[in-house]
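Text of the file model-v6.cif, holding mmCIF, C-alpha atoms:
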```cif
data_run
#
loop_
_atom_site.label_atom_id
_atom_site.label_comp_id
_atom_site.auth_asym_id
_atom_site.auth_seq_id
_atom_site.Cartn_x
_atom_site.Cartn_y
_atom_site.Cartn_z
CA MET A 1 -33.09 18.81 -9.54
CA SER A 2 -35.98 17.17 -7.75
CA SER A 3 -35.69 15.39 -4.43
CA ARG A 4 -36.47 12.15 -6.28
CA ASP A 5 -33.50 12.70 -8.63
CA THR A 6 -31.24 13.39 -5.67
CA MET A 7 -32.25 10.10 -4.06
CA LEU A 8 -31.22 8.24 -7.23
CA LEU A 9 -27.65 9.60 -7.18
CA PRO A 10 -25.03 7.19 -5.77
CA PRO A 11 -24.09 7.99 -2.16
CA ALA A 12 -20.60 9.28 -1.53
CA LEU A 13 -18.28 6.93 0.32
CA PRO A 14 -18.04 7.64 4.06
CA ARG A 15 -14.93 9.64 4.84
CA PRO A 16 -12.18 8.12 6.99
CA ALA A 17 -10.83 10.08 9.93
CA PRO A 18 -8.25 12.72 9.04
CA ILE A 19 -4.74 12.59 10.43
CA GLY A 20 -4.99 13.74 14.05
CA LEU A 21 -2.97 16.50 15.69
CA ALA A 22 -1.28 13.96 17.97
CA GLU A 23 0.11 12.13 14.92
CA TYR A 24 1.46 15.33 13.40
CA ARG A 25 3.16 16.07 16.71
CA ARG A 26 4.65 12.56 16.84
CA ARG A 27 6.06 13.03 13.37
CA ARG A 28 7.73 16.30 14.37
CA ASP A 29 9.02 14.78 17.61
CA THR A 30 10.48 11.82 15.73
CA LEU A 31 12.27 14.12 13.31
CA MET A 32 13.63 16.36 16.07
CA ALA A 33 14.81 13.34 18.09
CA SER A 34 17.19 12.55 15.21
CA LEU A 35 18.75 16.03 15.34
CA ALA A 36 21.36 17.60 17.58
CA PRO A 37 19.91 19.99 20.17
CA ASP A 38 21.64 22.98 18.57
CA SER A 39 20.04 22.39 15.16
CA ALA A 40 16.84 23.63 13.54
CA VAL A 41 14.54 22.74 10.64
CA LEU A 42 13.34 25.38 8.18
CA LEU A 43 10.66 24.16 5.79
CA PRO A 44 8.57 26.37 3.47
CA SER A 45 5.07 25.54 2.31
CA ALA A 46 4.12 25.35 -1.36
CA ASP A 47 3.27 28.61 -3.10
CA LEU A 48 0.41 29.49 -5.38
CA VAL A 49 1.36 28.93 -9.03
CA THR A 50 0.11 31.31 -11.70
CA ARG A 51 -2.02 29.64 -14.35
CA SER A 52 -2.52 32.71 -16.53
CA ARG A 53 -2.27 36.37 -15.64
CA ASP A 54 -4.14 36.85 -12.36
CA SER A 55 -5.49 33.30 -11.93
CA GLU A 56 -3.73 30.45 -10.18
CA PHE A 57 -3.78 26.68 -10.32
CA ALA A 58 -5.67 25.03 -7.47
CA PHE A 59 -3.36 25.08 -4.44
CA ARG A 60 -1.74 21.82 -3.42
CA GLN A 61 0.39 21.80 -0.27
CA ASN A 62 4.01 20.64 -0.30
CA SER A 63 3.97 16.99 0.81
CA ASP A 64 6.81 17.25 3.34
CA PHE A 65 5.31 20.39 4.87
CA HIS A 66 1.89 18.74 5.07
CA TYR A 67 3.39 15.60 6.63
CA LEU A 68 4.81 17.56 9.54
CA CYS A 69 1.94 19.89 10.37
CA GLY A 70 -1.08 19.57 8.06
CA PHE A 71 -1.38 23.35 7.71
CA PRO A 72 -3.27 23.91 4.43
CA GLU A 73 -2.31 27.43 3.30
CA PRO A 74 0.38 28.79 0.97
CA ASP A 75 3.10 31.29 1.90
CA ALA A 76 3.85 29.65 5.24
CA LEU A 77 7.11 28.67 6.92
CA LEU A 78 7.61 25.93 9.51
CA LEU A 79 10.46 26.02 12.02
CA LEU A 80 11.33 23.13 14.32
CA LEU A 81 13.56 24.16 17.21
CA PRO A 82 14.58 21.21 19.43
CA GLY A 83 14.66 22.07 23.12
CA ARG A 84 13.09 25.52 22.82
CA GLU A 85 11.20 26.23 26.03
CA ALA A 86 8.67 28.54 24.39
CA GLY A 87 7.67 25.80 21.97
CA GLU A 88 9.59 23.63 19.53
CA CYS A 89 7.17 24.10 16.59
CA VAL A 90 6.89 27.63 15.20
CA LEU A 91 4.86 28.63 12.14
CA PHE A 92 4.77 31.82 10.10
CA CYS A 93 1.61 32.19 8.02
CA GLN A 94 -0.34 34.67 5.89
CA ASP A 95 -1.49 37.84 7.60
CA LYS A 96 -5.15 38.23 8.37
CA ASP A 97 -6.47 40.71 5.78
CA ALA A 98 -10.19 41.41 5.53
CA THR A 99 -9.96 42.81 1.99
CA LEU A 100 -8.02 39.89 0.54
CA GLU A 101 -10.12 37.38 2.46
CA ALA A 102 -13.24 38.79 0.82
CA TRP A 103 -11.76 37.70 -2.52
CA THR A 104 -9.98 34.44 -1.74
CA GLY A 105 -11.42 33.10 1.51
CA ILE A 106 -10.76 33.24 5.22
CA ARG A 107 -7.16 32.88 6.35
CA LEU A 108 -6.45 31.02 9.57
CA GLY A 109 -3.92 33.50 10.85
CA ALA A 110 -1.58 32.86 13.77
CA ALA A 111 -4.36 32.23 16.29
CA GLY A 112 -6.07 29.76 13.98
CA ALA A 113 -2.82 27.89 13.32
CA GLU A 114 -2.26 27.39 17.02
CA ALA A 115 -5.87 26.50 17.84
CA GLU A 116 -6.65 24.21 14.88
CA PHE A 117 -3.28 22.64 14.07
CA GLY A 118 -1.57 22.32 17.43
CA ILE A 119 1.28 24.67 16.51
CA ASP A 120 3.20 25.70 19.65
CA GLN A 121 3.68 29.29 18.53
CA ALA A 122 2.55 31.03 15.34
CA PHE A 123 3.19 34.46 13.87
CA GLU A 124 1.83 36.18 10.80
CA ASN A 125 4.28 36.92 8.01
CA ALA A 126 4.45 40.60 8.88
CA GLU A 127 6.53 39.52 11.88
CA ARG A 128 8.74 37.04 10.03
CA GLU A 129 11.69 39.24 9.15
CA PRO A 130 12.36 40.59 12.65
CA ARG A 131 11.71 37.24 14.38
CA LEU A 132 13.39 34.69 12.13
CA ALA A 133 16.99 35.59 12.91
CA GLU A 134 16.15 35.75 16.62
CA LEU A 135 14.67 32.23 16.53
CA LEU A 136 17.66 30.77 14.66
CA ASP A 137 20.36 32.54 16.69
CA GLY A 138 22.65 29.89 18.22
CA ARG A 139 21.51 27.04 15.96
CA GLU A 140 24.66 25.52 14.48
CA THR A 141 23.08 23.29 11.82
CA LEU A 142 20.09 24.32 9.78
CA TYR A 143 18.17 21.52 8.06
CA LEU A 144 16.21 22.60 5.00
CA PRO A 145 15.38 21.38 1.48
CA LEU A 146 18.66 22.09 -0.32
CA ASP A 147 17.00 21.90 -3.74
CA ASP A 148 14.56 24.70 -2.88
CA ALA A 149 16.08 27.97 -4.13
CA GLU A 150 13.68 30.12 -2.10
CA ALA A 151 14.47 28.23 1.12
CA MET A 152 18.21 28.47 0.46
CA ALA A 153 17.98 32.21 -0.20
CA LEU A 154 16.06 32.70 3.05
CA ALA A 155 18.60 30.64 4.99
CA GLU A 156 21.51 32.58 3.51
CA SER A 157 19.81 35.85 4.37
CA VAL A 158 19.32 34.79 8.00
CA ARG A 159 22.90 33.55 8.24
CA GLY A 160 24.21 36.83 6.82
CA GLU A 161 22.14 38.83 9.29
CA LEU A 162 23.37 36.82 12.26
CA GLN A 163 26.98 36.98 11.08
CA GLY A 164 26.61 40.74 11.03
CA ARG A 165 25.65 40.65 14.72
CA ARG A 166 28.63 38.59 15.91
CA ARG A 167 29.95 41.45 18.04
CA GLN A 168 26.64 41.43 19.88
CA GLY A 169 27.07 37.70 20.58
CA ALA A 170 24.89 36.28 17.80
CA VAL A 171 25.80 32.81 16.49
CA ALA A 172 24.91 32.08 12.86
CA PRO A 173 24.28 28.58 11.47
CA SER A 174 27.60 27.17 10.29
CA ARG A 175 26.17 24.33 8.22
CA PHE A 176 23.20 23.64 6.00
CA SER A 177 22.03 20.03 5.69
CA ASP A 178 19.29 18.40 3.63
CA VAL A 179 16.13 17.75 5.62
CA ALA A 180 14.43 15.87 2.79
CA ALA A 181 16.20 12.55 3.35
CA LEU A 182 15.23 12.56 7.03
CA ILE A 183 11.57 13.33 6.35
CA HIS A 184 11.40 10.89 3.46
CA GLU A 185 12.68 8.02 5.57
CA GLN A 186 9.82 8.66 8.00
CA ARG A 187 7.26 9.00 5.23
CA LEU A 188 8.16 5.61 3.76
CA ILE A 189 6.51 3.72 6.63
CA LYS A 190 2.82 4.57 6.81
CA SER A 191 0.76 4.71 9.99
CA GLU A 192 -2.64 3.04 10.30
CA SER A 193 -4.26 6.43 9.70
CA GLU A 194 -2.29 6.92 6.51
CA ILE A 195 -3.14 3.46 5.22
CA ALA A 196 -6.82 4.19 5.91
CA LEU A 197 -6.54 7.31 3.72
CA LEU A 198 -4.70 5.38 1.01
CA ARG A 199 -7.35 2.66 1.19
CA HIS A 200 -10.03 5.31 0.75
CA ALA A 201 -8.20 6.90 -2.19
CA GLY A 202 -8.00 3.40 -3.67
CA GLU A 203 -11.71 2.80 -3.16
CA ILE A 204 -12.62 6.07 -4.86
CA SER A 205 -10.23 5.27 -7.70
CA ALA A 206 -11.76 1.82 -8.06
CA ARG A 207 -15.28 3.20 -8.37
CA ALA A 208 -14.05 5.58 -11.05
CA HIS A 209 -12.50 2.75 -13.07
CA LEU A 210 -15.72 0.74 -12.80
CA ARG A 211 -17.66 3.74 -14.08
CA ALA A 212 -15.29 4.13 -17.03
CA MET A 213 -15.54 0.44 -17.92
CA ARG A 214 -19.32 0.58 -17.90
CA THR A 215 -19.34 3.74 -20.02
CA ALA A 216 -16.79 2.80 -22.68
CA ALA A 217 -18.11 2.30 -26.19
CA PRO A 218 -16.88 2.78 -29.75
CA GLY A 219 -17.30 6.35 -30.93
CA LEU A 220 -16.64 7.96 -27.57
CA HIS A 221 -13.40 9.86 -27.06
CA GLU A 222 -10.65 9.28 -24.54
CA TYR A 223 -11.46 12.59 -22.85
CA GLN A 224 -15.03 11.43 -22.24
CA LEU A 225 -13.78 8.48 -20.18
CA GLN A 226 -11.44 10.90 -18.42
CA ALA A 227 -14.48 13.02 -17.54
CA GLU A 228 -16.26 9.97 -16.12
CA LEU A 229 -13.22 9.11 -13.98
CA GLU A 230 -12.70 12.59 -12.61
CA HIS A 231 -16.40 13.14 -11.93
CA GLU A 232 -16.32 10.07 -9.71
CA PHE A 233 -13.18 11.27 -7.92
CA VAL A 234 -14.73 14.58 -6.93
CA TRP A 235 -18.18 13.10 -6.23
CA HIS A 236 -16.63 11.06 -3.42
CA GLY A 237 -14.74 13.97 -1.89
CA ALA A 238 -11.34 13.68 -3.54
CA SER A 239 -9.67 16.91 -4.59
CA GLY A 240 -9.34 15.45 -8.09
CA PRO A 241 -6.79 13.25 -9.84
CA ALA A 242 -3.55 12.44 -8.03
CA TYR A 243 -1.73 12.83 -11.36
CA ALA A 244 -2.64 13.50 -14.96
CA SER A 245 -5.13 10.83 -15.97
CA ILE A 246 -3.96 8.52 -18.77
CA VAL A 247 -6.66 7.26 -21.14
CA GLY A 248 -5.02 5.63 -24.14
CA GLY A 249 -7.05 3.85 -26.78
CA GLY A 250 -5.43 1.60 -29.37
CA ASP A 251 -1.71 2.19 -29.86
CA ASN A 252 -1.85 5.27 -27.61
CA ALA A 253 -1.61 2.71 -24.79
CA CYS A 254 2.00 2.07 -25.86
CA VAL A 255 2.94 5.62 -24.79
CA LEU A 256 3.69 5.20 -21.10
CA HIS A 257 2.74 8.72 -20.01
CA TYR A 258 0.14 9.51 -22.67
CA ILE A 259 -2.04 12.34 -21.36
CA SER A 260 -3.47 14.18 -24.38
CA ASN A 261 -6.61 11.97 -24.22
CA ARG A 262 -8.12 13.39 -27.42
CA ALA A 263 -8.50 10.38 -29.74
CA ALA A 264 -11.66 8.49 -30.57
CA LEU A 265 -12.21 5.01 -29.13
CA ARG A 266 -12.56 2.40 -31.84
CA ASP A 267 -14.34 -0.93 -32.02
CA GLY A 268 -11.93 -3.86 -31.73
CA GLU A 269 -9.27 -1.91 -29.81
CA LEU A 270 -8.26 -1.88 -26.17
CA VAL A 271 -8.15 1.18 -23.93
CA LEU A 272 -5.62 1.56 -21.13
CA ILE A 273 -6.61 3.77 -18.18
CA ASP A 274 -4.03 4.75 -15.56
CA ALA A 275 -5.76 7.07 -13.12
CA GLY A 276 -6.19 7.60 -9.40
CA ALA A 277 -7.86 9.97 -6.97
CA GLU A 278 -6.11 12.18 -4.45
CA PHE A 279 -7.86 12.23 -1.07
CA ASP A 280 -6.48 14.42 1.74
CA LEU A 281 -3.28 14.52 -0.36
CA TYR A 282 -2.92 10.70 -0.40
CA ALA A 283 -2.84 9.08 -3.84
CA GLY A 284 -4.64 6.22 -5.48
CA ASP A 285 -3.00 4.70 -8.58
CA ILE A 286 -4.81 2.06 -10.65
CA THR A 287 -4.28 0.85 -14.21
CA ARG A 288 -6.70 -1.34 -16.08
CA THR A 289 -6.78 -2.30 -19.77
CA PHE A 290 -10.01 -3.48 -21.36
CA PRO A 291 -11.74 -3.78 -24.76
CA VAL A 292 -13.65 -0.73 -25.94
CA SER A 293 -16.50 -2.92 -27.19
CA GLY A 294 -16.47 -5.28 -24.19
CA ARG A 295 -14.89 -8.35 -25.78
CA PHE A 296 -11.20 -9.25 -26.13
CA SER A 297 -9.95 -10.59 -29.44
CA ALA A 298 -7.93 -13.81 -29.34
CA ALA A 299 -4.59 -11.97 -29.65
CA GLN A 300 -5.57 -9.31 -27.11
CA ARG A 301 -6.65 -11.98 -24.67
CA ALA A 302 -3.47 -14.03 -25.13
CA LEU A 303 -1.23 -11.02 -24.43
CA TYR A 304 -3.46 -9.83 -21.59
CA GLU A 305 -3.29 -13.21 -19.85
CA VAL A 306 0.53 -13.03 -19.88
CA VAL A 307 0.49 -9.65 -18.12
CA LEU A 308 -2.25 -10.71 -15.72
CA ALA A 309 -0.45 -13.88 -14.65
CA ALA A 310 2.74 -11.89 -14.00
CA GLN A 311 0.83 -9.24 -12.05
CA GLU A 312 -1.08 -11.71 -9.89
CA ARG A 313 2.09 -13.63 -9.00
CA ALA A 314 3.89 -10.37 -8.21
CA VAL A 315 1.09 -9.19 -5.92
CA ALA A 316 1.08 -12.57 -4.16
CA ALA A 317 4.82 -12.21 -3.52
CA VAL A 318 4.48 -8.95 -1.53
CA ALA A 319 5.40 -9.67 2.09
CA PRO A 320 7.86 -8.52 4.77
CA GLY A 321 11.44 -9.39 3.89
CA VAL A 322 10.86 -9.55 0.13
CA THR A 323 12.55 -6.92 -2.06
CA LEU A 324 11.13 -4.97 -4.97
CA LYS A 325 14.03 -6.29 -7.04
CA ALA A 326 12.96 -9.87 -6.38
CA ILE A 327 9.38 -9.00 -7.36
CA HIS A 328 10.56 -7.25 -10.53
CA ASP A 329 12.87 -10.12 -11.46
CA GLY A 330 9.93 -12.52 -11.18
CA VAL A 331 7.83 -10.30 -13.43
CA VAL A 332 10.61 -10.10 -16.01
CA ARG A 333 10.87 -13.90 -16.07
CA ASP A 334 7.09 -14.32 -16.40
CA LEU A 335 6.72 -11.72 -19.15
CA THR A 336 9.72 -13.00 -21.08
CA GLN A 337 8.37 -16.55 -20.97
CA GLY A 338 5.02 -15.26 -22.20
CA LEU A 339 6.64 -13.33 -25.05
CA LEU A 340 8.47 -16.49 -26.09
CA SER A 341 5.26 -18.53 -25.96
CA LEU A 342 3.50 -16.01 -28.22
CA GLY A 343 6.37 -15.90 -30.72
CA LEU A 344 7.27 -12.28 -29.99
CA LEU A 345 10.72 -13.37 -28.81
CA GLU A 346 12.87 -16.29 -29.93
CA GLY A 347 15.54 -18.36 -28.22
CA GLU A 348 16.16 -19.47 -24.66
CA LEU A 349 14.48 -17.85 -21.66
CA ASP A 350 17.66 -17.05 -19.73
CA ASP A 351 19.41 -15.71 -22.82
CA ASN A 352 16.54 -13.29 -23.47
CA ILE A 353 16.63 -12.14 -19.85
CA ASP A 354 20.42 -11.75 -19.78
CA SER A 355 20.42 -9.77 -23.04
CA GLU A 356 17.39 -7.74 -21.91
CA ALA A 357 15.62 -8.53 -25.17
CA TYR A 358 12.34 -8.20 -23.26
CA ARG A 359 12.97 -4.47 -22.84
CA ARG A 360 11.66 -3.87 -26.34
CA PHE A 361 8.24 -4.67 -24.87
CA TYR A 362 8.63 -3.92 -21.13
CA LEU A 363 10.31 -0.60 -20.49
CA HIS A 364 9.69 0.19 -16.82
CA SER A 365 10.03 -1.14 -13.30
CA THR A 366 7.28 -3.15 -11.66
CA SER A 367 6.77 -1.04 -8.53
CA HIS A 368 7.11 2.34 -6.90
CA TRP A 369 6.27 3.62 -3.42
CA LEU A 370 2.85 5.22 -2.93
CA GLY A 371 1.72 7.79 -0.38
CA LEU A 372 1.43 11.58 -0.29
CA ASP A 373 3.00 11.53 -3.76
CA VAL A 374 1.99 9.05 -6.42
CA HIS A 375 5.68 8.24 -6.91
CA ASP A 376 6.33 8.52 -3.23
CA VAL A 377 9.59 9.19 -1.43
CA GLY A 378 11.94 6.75 0.26
CA ASP A 379 15.14 4.99 -0.75
CA TYR A 380 14.84 1.74 -2.68
CA ARG A 381 18.23 0.52 -1.47
CA LEU A 382 19.95 0.31 1.92
CA ASP A 383 23.74 0.22 2.04
CA GLY A 384 23.75 -0.45 -1.67
CA GLU A 385 21.45 -3.48 -1.45
CA PRO A 386 17.76 -3.81 -2.39
CA ARG A 387 15.63 -2.78 0.56
CA PRO A 388 13.50 -5.51 2.22
CA LEU A 389 9.82 -4.69 2.56
CA VAL A 390 8.48 -4.05 6.06
CA PRO A 391 4.92 -3.57 7.35
CA GLY A 392 3.61 -0.08 6.64
CA MET A 393 5.19 0.28 3.22
CA VAL A 394 2.73 0.85 0.37
CA LEU A 395 3.67 0.16 -3.24
CA THR A 396 2.23 -0.38 -6.68
CA VAL A 397 2.52 -3.57 -8.72
CA GLU A 398 2.21 -2.74 -12.43
CA PRO A 399 3.72 -4.98 -15.10
CA GLY A 400 2.91 -4.21 -18.71
CA LEU A 401 3.65 -5.13 -22.30
CA TYR A 402 3.76 -2.60 -25.14
CA ILE A 403 3.97 -4.08 -28.63
CA PRO A 404 5.23 -1.74 -31.35
CA ASP A 405 3.58 -1.45 -34.74
CA ALA A 406 6.54 -2.92 -36.61
CA ASP A 407 6.94 -5.18 -39.64
CA ASP A 408 8.59 -7.99 -37.64
CA ILE A 409 5.62 -8.24 -35.25
CA PRO A 410 2.68 -10.54 -36.10
CA ALA A 411 -0.12 -8.32 -37.35
CA ASP A 412 -2.63 -9.32 -34.64
CA PHE A 413 -0.31 -8.06 -31.87
CA ARG A 414 0.81 -4.76 -33.40
CA GLY A 415 0.03 -1.61 -31.42
CA ILE A 416 -1.35 -3.39 -28.35
CA GLY A 417 -0.45 -1.88 -24.98
CA ILE A 418 -1.47 -3.57 -21.73
CA ARG A 419 -0.73 -2.59 -18.13
CA ILE A 420 -2.41 -3.84 -14.95
CA GLU A 421 -1.72 -2.01 -11.69
CA ASP A 422 -2.87 -2.31 -8.09
CA ASP A 423 -1.93 -0.58 -4.83
CA VAL A 424 -0.63 -2.93 -2.16
CA ALA A 425 0.11 -2.33 1.54
CA VAL A 426 2.65 -4.54 3.30
CA THR A 427 1.18 -6.10 6.47
CA PRO A 428 2.85 -8.16 9.23
CA SER A 429 1.48 -11.36 7.69
CA GLY A 430 1.74 -10.48 4.01
CA HIS A 431 -0.16 -7.79 2.15
CA GLU A 432 -3.48 -6.05 1.53
CA VAL A 433 -4.57 -5.07 -1.98
CA LEU A 434 -6.15 -1.62 -1.62
CA THR A 435 -7.63 -1.57 -5.13
CA ALA A 436 -9.07 -5.06 -5.49
CA ALA A 437 -12.59 -3.78 -6.27
CA VAL A 438 -11.77 -3.30 -9.95
CA PRO A 439 -11.97 -6.55 -11.94
CA LYS A 440 -8.90 -7.59 -13.89
CA ARG A 441 -9.66 -11.14 -15.03
CA VAL A 442 -10.95 -11.41 -18.58
CA ALA A 443 -14.29 -13.05 -17.74
CA ASP A 444 -15.00 -10.49 -15.00
CA ILE A 445 -14.19 -7.54 -17.24
CA GLU A 446 -16.35 -8.85 -20.06
CA ALA A 447 -19.24 -9.57 -17.68
CA LEU A 448 -19.08 -6.03 -16.30
CA MET A 449 -19.06 -4.47 -19.73
CA VAL A 450 -22.02 -6.34 -21.21
CA LYS A 451 -24.41 -3.65 -22.37
#
```
Could you rewrite the structure in this file as structure tokens?
Amino acid sequence: MSSRDTMLLPPALPRPAPIGLAEYRRRRDTLMASLAPDSAVLLPSADLVTRSRDSEFAFRQNSDFHYLCGFPEPDALLLLLPGREAGECVLFCQDKDATLEAWTGIRLGAAGAEAEFGIDQAFENAEREPRLAELLDGRETLYLPLDDAEAMALAESVRGELQGRRRQGAVAPSRFSDVAALIHEQRLIKSESEIALLRHAGEISARAHLRAMRTAAPGLHEYQLQAELEHEFVWHGASGPAYASIVGGGDNACVLHYISNRAALRDGELVLIDAGAEFDLYAGDITRTFPVSGRFSAAQRALYEVVLAAQERAVAAVAPGVTLKAIHDGVVRDLTQGLLSLGLLEGELDDNIDSEAYRRFYLHSTSHWLGLDVHDVGDYRLDGEPRPLVPGMVLTVEPGLYIPDADDIPADFRGIGIRIEDDVAVTPSGHEVLTAAVPKRVADIEALMVK
């Protein structure tokens, strides 16, 4: 490639600042402040997952583990020990091994974990077995992910070892409790640094959707638009997609989690793309639906305008104190009214809502939390009631309509699937749309796609 060619390539977006060590420490301190002084947290990292024989999938760190320390390697174990004088944050990590590192890359080791990630005290895994019981001796309650079989087996092993030393004065944990709920409550409210990373993931995702819109044409295949999307993700420094990219042309758009992406794109049909980039483990999540040939038909446009109006009103409703249930209920009313106007439902509006007749065409909720996971953690209800939004929450807004290819449906509407999705952060005064750079109004989409 010549220097001239390089100059013509689009510049990568400037990277936002990573999460700082002080923020990781604050997160750990906040968690430990909610625990009794005689408790401890045991949290394993993610492991490498075999893809086939001796090759693995690309490593992706466990989100809870990452949230508390940012350490990027597999086969690690984090301990939080409130009140420990020698350091409340202890990490076990892979041993330094020159031979293995020649094959798979440099390992940080204990010294690197302490120096680069602010860990109070780190040990390599060769020391884990003799040290773990010693560190947990006297801790009455052990908090760990109860749905993690490996973590539970490790905890039981340590408890058994300490119980065997009772005559020497050892005190084994008497209770295991779930740490996930505590971490997930913290993760629900994003810091300014996290929102900056989510904004960046949204910006990368937006550029990818723009690229796919400009590229789409009859005769291409769904996987070719997927390639355009994922090229743009990686070009701007994302690790790749935050989830399996959905590119559904024609009636494939009516399959909510369609990921085979093998069909040809046909003139006169729509294509639905639900795809987002993952940047520093934070997810973007955008859906746009647009005509393969650049122009909506009358029926496509009529149905699209129903979804768009519902989505725009739902986004406008996002503000502190509002609930996701209230937003969803508004979307249901808007979509049901639109279905009645188009003749896809019959009868009275309230009767169709009460009977859930709309669910033939709208099968999912309007929103989910967004963060380190695309369907991020955090309870949607408090004390049995819908949870009010507060600043720092980040959510999606994604109404859709999916019209089956059935004899009782007017022919022009059969097999049309439409979803429109944006990422929205709750602010003290209302909201910020993190993915607004992708057009969603009909005239703007058609103008972008003019060849």
Nearest candidate to Leu35 of chain A (options A:Asp274, A:Glu140, A:Glu228, A:Asp97; using all atoms listed in the file):
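Smallest separation from Leu35 of chain A among the options: A:Glu140.
The point (5.8, 0.9, 5.1) has these residues within 9 Å of it, counting only C-alpha atoms: Arg187, Leu188, Ile189, Lys190, Ser191, Trp369, Leu389, Val390, Pro391, Gly392, Met393, Val394, Leu395, Ala425, Val426 and Thr427 of chain A.
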Specify as a list of chain:residue names each residue included when the PyMOL selection byres ((chain A and resi 234) around 10) is applied to this file.
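With the PyMOL selection byres ((chain A and resi 234) around 10) on this model, the match is A:Ala12, A:Ile204, A:Ala208, A:Leu229, A:Glu230, A:His231, A:Glu232, A:Phe233, A:Trp235, A:His236, A:Gly237, A:Ala238, A:Ser239, A:Gly240, A:Pro241, A:Ala277, A:Glu278, A:Phe279.
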What does the PyMOL selection byres ((chain A and resi 299) around 12) select in this file, as a count of residues only?
28
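Picked out by the PyMOL selection byres ((chain A and resi 292) around 7) when it runs on this file: Ala216, Ala217, Pro218, Leu265, Arg266, Asp267, Gly268, Glu269, Leu270, Val271, Phe290, Pro291, Ser293 and Gly294 of chain A.
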Same residues, C-alpha atoms, saved as a CSV table (one decimal), keeping the file's coordinate frame:
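Result went into result14.csv, see below:
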```csv
chain,number,residue,atom,x,y,z
A,216,ALA,CA,-16.8,2.8,-22.7
A,217,ALA,CA,-18.1,2.3,-26.2
A,218,PRO,CA,-16.9,2.8,-29.8
A,265,LEU,CA,-12.2,5.0,-29.1
A,266,ARG,CA,-12.6,2.4,-31.8
A,267,ASP,CA,-14.3,-0.9,-32.0
A,268,GLY,CA,-11.9,-3.9,-31.7
A,269,GLU,CA,-9.3,-1.9,-29.8
A,270,LEU,CA,-8.3,-1.9,-26.2
A,271,VAL,CA,-8.2,1.2,-23.9
A,290,PHE,CA,-10.0,-3.5,-21.4
A,291,PRO,CA,-11.7,-3.8,-24.8
A,293,SER,CA,-16.5,-2.9,-27.2
A,294,GLY,CA,-16.5,-5.3,-24.2
```
Can you tell me which residues surround Val171 of chain A at a distance of at most 9 Å, considering all atoms listed in the file, apart from same-chain residues fewer than 4 positions away, and format the answer as a list of chain:residue names?
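Answer for this query is A:Leu136, A:Asp137, A:Gly138, A:Arg139, A:Glu140, A:Arg159, A:Leu162, A:Gln163, A:Arg165, A:Arg166.
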Of the candidates A:Leu48, A:Ile19, A:Leu81, A:Val179, which shows the shortest atom-to-atom distance to Tyr282 of chain A, using only C-alpha atoms?
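Nearest candidate to Tyr282 of chain A out of A:Leu48, A:Ile19, A:Leu81, A:Val179: A:Ile19.
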Neighbouring residues of Asn352 of chain A were defined as those with any atom within 10 Å, considering only C-alpha atoms; residues of the same chain fewer than 5 positions away were excluded. Please report them as a PyMOL selection string.
chain A and resi 333+336-337+340+345-347+357-359
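Ranking A:Phe361, A:Ile273, A:Ser355, A:Ala406 by their shortest atom-to-atom distance to Ile420 of chain A, with only C-alpha atoms included, puts A:Ile273 first.
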Write out as a list of chain:residue names the residues lying within 9 Å of Tyr223 of chain A, counting only C-alpha atoms and excluding same-chain residues fewer than 2 positions away.
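Answer for this query is A:Leu220, A:His221, A:Leu225, A:Gln226, A:Ala227, A:Glu228, A:Val247, A:Ser260, A:Asn261, A:Arg262, A:Ala263, A:Ala264.
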Would you mind completing segment 130-138 of chain A to N, CA and C atoms and writing the output as a PDB file, in the frame of the given file?
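This went into result23.pdb:
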```pdb
ATOM      1  N   PRO A 130      11.672  40.288  11.382  1.00  0.00           N
ATOM      2  CA  PRO A 130      12.360  40.590  12.650  1.00  0.00           C
ATOM      3  C   PRO A 130      12.524  39.380  13.568  1.00  0.00           C
ATOM      4  N   ARG A 131      11.677  38.365  13.435  1.00  0.00           N
ATOM      5  CA  ARG A 131      11.710  37.240  14.380  1.00  0.00           C
ATOM      6  C   ARG A 131      12.584  36.070  13.925  1.00  0.00           C
ATOM      7  N   LEU A 132      12.749  35.895  12.623  1.00  0.00           N
ATOM      8  CA  LEU A 132      13.390  34.690  12.130  1.00  0.00           C
ATOM      9  C   LEU A 132      14.834  34.568  12.604  1.00  0.00           C
ATOM     10  N   ALA A 133      15.593  35.629  12.468  1.00  0.00           N
ATOM     11  CA  ALA A 133      16.990  35.590  12.910  1.00  0.00           C
ATOM     12  C   ALA A 133      17.070  35.340  14.415  1.00  0.00           C
ATOM     13  N   GLU A 134      16.170  35.947  15.160  1.00  0.00           N
ATOM     14  CA  GLU A 134      16.150  35.750  16.620  1.00  0.00           C
ATOM     15  C   GLU A 134      15.906  34.277  16.967  1.00  0.00           C
ATOM     16  N   LEU A 135      14.988  33.637  16.236  1.00  0.00           N
ATOM     17  CA  LEU A 135      14.670  32.230  16.530  1.00  0.00           C
ATOM     18  C   LEU A 135      15.816  31.287  16.149  1.00  0.00           C
ATOM     19  N   LEU A 136      16.596  31.653  15.129  1.00  0.00           N
ATOM     20  CA  LEU A 136      17.660  30.770  14.660  1.00  0.00           C
ATOM     21  C   LEU A 136      19.032  31.132  15.238  1.00  0.00           C
ATOM     22  N   ASP A 137      19.103  32.163  16.035  1.00  0.00           N
ATOM     23  CA  ASP A 137      20.360  32.540  16.690  1.00  0.00           C
ATOM     24  C   ASP A 137      20.835  31.391  17.588  1.00  0.00           C
ATOM     25  N   GLY A 138      22.072  30.940  17.385  1.00  0.00           N
ATOM     26  CA  GLY A 138      22.650  29.890  18.220  1.00  0.00           C
ATOM     27  C   GLY A 138      22.435  28.485  17.665  1.00  0.00           C
TER      28      GLY A 138
END
```
